[in-house]
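In what follows, a single structure is set out as structure tokens and then discussed.
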Amino acid sequence: MDTPPPLVERLRNHARLAAACAFSAVAVLYAVLCVKLTVVDMTDGVCDFGGCPRGLDPLLWWTLLAGLAAGGLWWSVVKGRSYRSAVGWTAAVAVALVALWPGWLGFAWLRGPHMDLFSYQVPGSSPVGKPLGSWAGPPATGFVVRAGADGVTGYDGEGRRGWSLRVPAGGAVCAMSADSPSGTGLLTFATVLDGCGGRLVAVDVTSGKQLWTMNIPHLVGRPAAGGSQAVTATADAVLAYDLATGVERWRSPLPAGAVAVEVAAGPERVLLLARTDRGVELFALGARTGAVAWRFTMPVGYESPRIVSASPAAAVGDGRLLVFDEAGRVRAESQEPYVPTTGETEWLVVGDVLYASVPEREKRELLAAFSLSDGRHLWTRAFENDWRVRALAADARSGRIAVVTEGAYTHLWHLDPRTGKPDRESTVLRGLRLGESFALHGRTFVNLDDDGRLPPVFDVAPTIGW
């Protein structure tokens, strides 16, 4: 008759069996996850040029280590015949199931944060006019507005249609202001007599209510909303209206022979970019009276100059950022890096800092920050294996700069505006139907492609599961 082993020996055998089952469960879990990452998630057939899913390399090593540990423990279990106890098997299976949870948490840590689609608007069944841009309401509401040639639609915080502003048959929305200060945005509409750009309309972003409408012949370019003013250019003058009421504040005639190109408005001044007999000139107009305070002939290369900000006064010409003082003198000229003004350049102005995507020797795009108070280049940020900056936004809740970049995968970064350093690992955006042009407002994406098959707006949320 066999004498049962001492209690300590039985507990040791049970622990050995439980450990073998736990390591086996984790090894199987990690092996399945490796197959999932390589077969389902990998964008290319090989891990080249950043195409390897994040966390795959360490996951393979942990799978191997867990498998080796399980093999060694099972050899010890078989050698010591620790598998004969029903109580031991019951405890081992329970421990193995419990071990799957820390194993899963380890995988989640290795792959980093992911987000995928949370909710979206179904694309319209009718042809969609050319998208023009988007506005965002107060951060607490989550409200966003998408404007296109065929009309303007507001979406509430849950992505549902809140209001629609349609244009009459045969009409079109021509342009929209880049910003909507105080929750008011500006649109220009086509009229029968004046073609595209004969009517200026102020719209409340949250409600869609038309606050005021003004018929203005021969509008040029896009209107500008800044401070408490709505500013637009015509063929012969720059006009300023009260943003809330539409009352005309001043009218500043263009110099003889000048052709307006672009206007920008701020609390302190209005900037006008115009072609004159001297070339391309930048005019600074007083915000109260519209009187010309100074004018500056812009340097022109193979790219057209462009206004960056009215307050502070800054523009880009010939690939250089120019920052001006109160008298129109250039405070500083950025020499490096080169700041492009054509193509799909992404710019963001927050306070007195310009964030712009800049090329790195025609290999990839970097994000650079420039001071608009003195023109200094503050910092430059590269994004690992990503080669393109797709969108920039100011995150009002965190105070960070949100950046969407694209390489083999699409990533969302949140950067410290002072240093350009990320506050955490980038978030992988999975399976999103992004067009060539889109805007980001918090966790809401607004598609700005002509393709009517894409969702006009959608939200993302942290991924649950694998």
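How things are named: the first chain in the structure tokens is A, the next is B, and so on; residues count from 1 in each chain; ligands count from 1 in the order shown.
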
Could you list, with a cut-off of 12 Å and counting only C-alpha atoms, the residues of segment 409-436 of chain A near segment 51-74 of chain A, each shown with its nearest atom pair and the distance in Å rounded to one decimal, rows sorted by chain and ascending number, as CSV?
residue,atom,partner,partner_atom,distance
A:Tyr409,CA,A:Gly51,CA,7.3
A:Thr410,CA,A:Gly51,CA,11.0
A:His411,CA,A:Arg54,CA,11.2
A:Glu425,CA,A:Arg54,CA,11.0
A:Ser426,CA,A:Arg54,CA,10.5
A:Thr427,CA,A:Arg54,CA,10.5
A:Val428,CA,A:Arg54,CA,8.8
A:Arg430,CA,A:Pro53,CA,11.2

Could you write those residues out with C-alpha atoms, as a CSV table (one decimal), in the first residue's frame?
chain,number,residue,atom,x,y,z
A,409,TYR,CA,-0.9,52.9,-39.9
A,410,THR,CA,-2.8,56.0,-38.9
A,411,HIS,CA,-1.8,57.5,-35.5
A,425,GLU,CA,2.2,56.8,-26.6
A,426,SER,CA,0.4,57.5,-29.9
A,427,THR,CA,-3.0,56.0,-30.4
A,428,VAL,CA,-3.5,53.7,-33.4
A,430,ARG,CA,-8.0,51.4,-36.7

With only C-alpha atoms as the counted atoms, please give the residues lying no more than 9 Å from Leu432 of chain A, apart from itself and same-chain residues fewer than 4 positions off, as a PyMOL selection string. chain A and resi 116-117+410+460

Go through A:Leu440, A:Val350, A:Cys196, A:Val152 and flag the residue nearest Gly399 of chain A, using only C-alpha atoms for the distances.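 The shortest atom-to-atom distance to Gly399 of chain A comes from A:Val350.
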
Could you tell me, as a PyMOL selection string, which residues of segment 225-296 of chain A DSSP assigns to strand (DSSP E or B) when given the backbone? chain A and resi 225-226+229-234+237-242+248-253+259-265+269-276+279-286+292-296

From the list A:Ala260, A:Ala439, A:Ala31, A:Leu454, which residue is nearest Trp347 of chain A when using only C-alpha atoms?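 Of all the options, A:Ala439 lies closest to Trp347 of chain A.
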
Write out as a list of chain:residue names each polymer residue whose atoms come within 8 Å of Met214 of chain A, counting only C-alpha atoms; drop sequence neighbours fewer than 5 positions from it.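 Surrounding residues, per the criterion: A:Arg199, A:Leu200, A:Val201, A:Gly246.
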
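Here atom CA of Ala91 of chain A stands at a distance of 28.0 Å from atom CA of Cys34 of chain A.
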
What are the closest atom pairs, with distances in Å to one decimal, for each residue of segment 57-165 of chain A lying within 9 Å of segment 174-186 of chain A, using only C-alpha atoms, rows by chain and rising residue number, as a Markdown table?
| residue | atom | partner | partner_atom | distance |
| --- | --- | --- | --- | --- |
| A:Leu132 | CA | A:Ala175 | CA | 6.6 |
| A:Gly133 | CA | A:Met176 | CA | 7.3 |
| A:Ser134 | CA | A:Ala178 | CA | 8.1 |
| A:Trp135 | CA | A:Ser180 | CA | 6.6 |
| A:Ala136 | CA | A:Ser180 | CA | 7.8 |
| A:Gly137 | CA | A:Gly183 | CA | 6.2 |
| A:Pro138 | CA | A:Gly183 | CA | 7.4 |
| A:Ala147 | CA | A:Met176 | CA | 7.7 |
| A:Gly148 | CA | A:Cys174 | CA | 8.4 |
| A:Ala149 | CA | A:Cys174 | CA | 6.3 |

Would you mind listing what lies within 7 Å of Val389 of chain A as a VMD selection string, with only C-alpha atoms counted and same-chain residues fewer than 6 positions away left out? chain A and resid 357 365 404 to 406

Selection export as a short mmCIF file (atom, residue, chain, number, x, y, z; two decimals), in the first residue's frame, atoms kept: N, CA and C atoms:
data_model
loop_
_atom_site.label_atom_id
_atom_site.label_comp_id
_atom_site.auth_asym_id
_atom_site.auth_seq_id
_atom_site.Cartn_x
_atom_site.Cartn_y
_atom_site.Cartn_z
N SER A 357 3.08 71.72 -40.85
CA SER A 357 3.78 70.54 -41.37
C SER A 357 4.80 71.01 -42.39
N GLU A 365 7.08 64.32 -43.72
CA GLU A 365 6.66 65.59 -43.15
C GLU A 365 6.90 65.59 -41.65
N VAL A 404 -2.80 64.06 -36.38
CA VAL A 404 -3.06 62.78 -37.04
C VAL A 404 -1.97 62.59 -38.09
N THR A 405 -1.24 61.48 -37.98
CA THR A 405 -0.17 61.19 -38.94
C THR A 405 -0.46 59.86 -39.61
N GLU A 406 0.17 59.66 -40.75
CA GLU A 406 -0.09 58.46 -41.54
C GLU A 406 1.22 57.85 -42.03
#

Within 10 Å of Lys209 of chain A using only C-alpha atoms, minus same-chain residues under 6 positions, as a list in words: Trp163, Ser164, Leu165, Thr184, Ala202 and Val203 of chain A
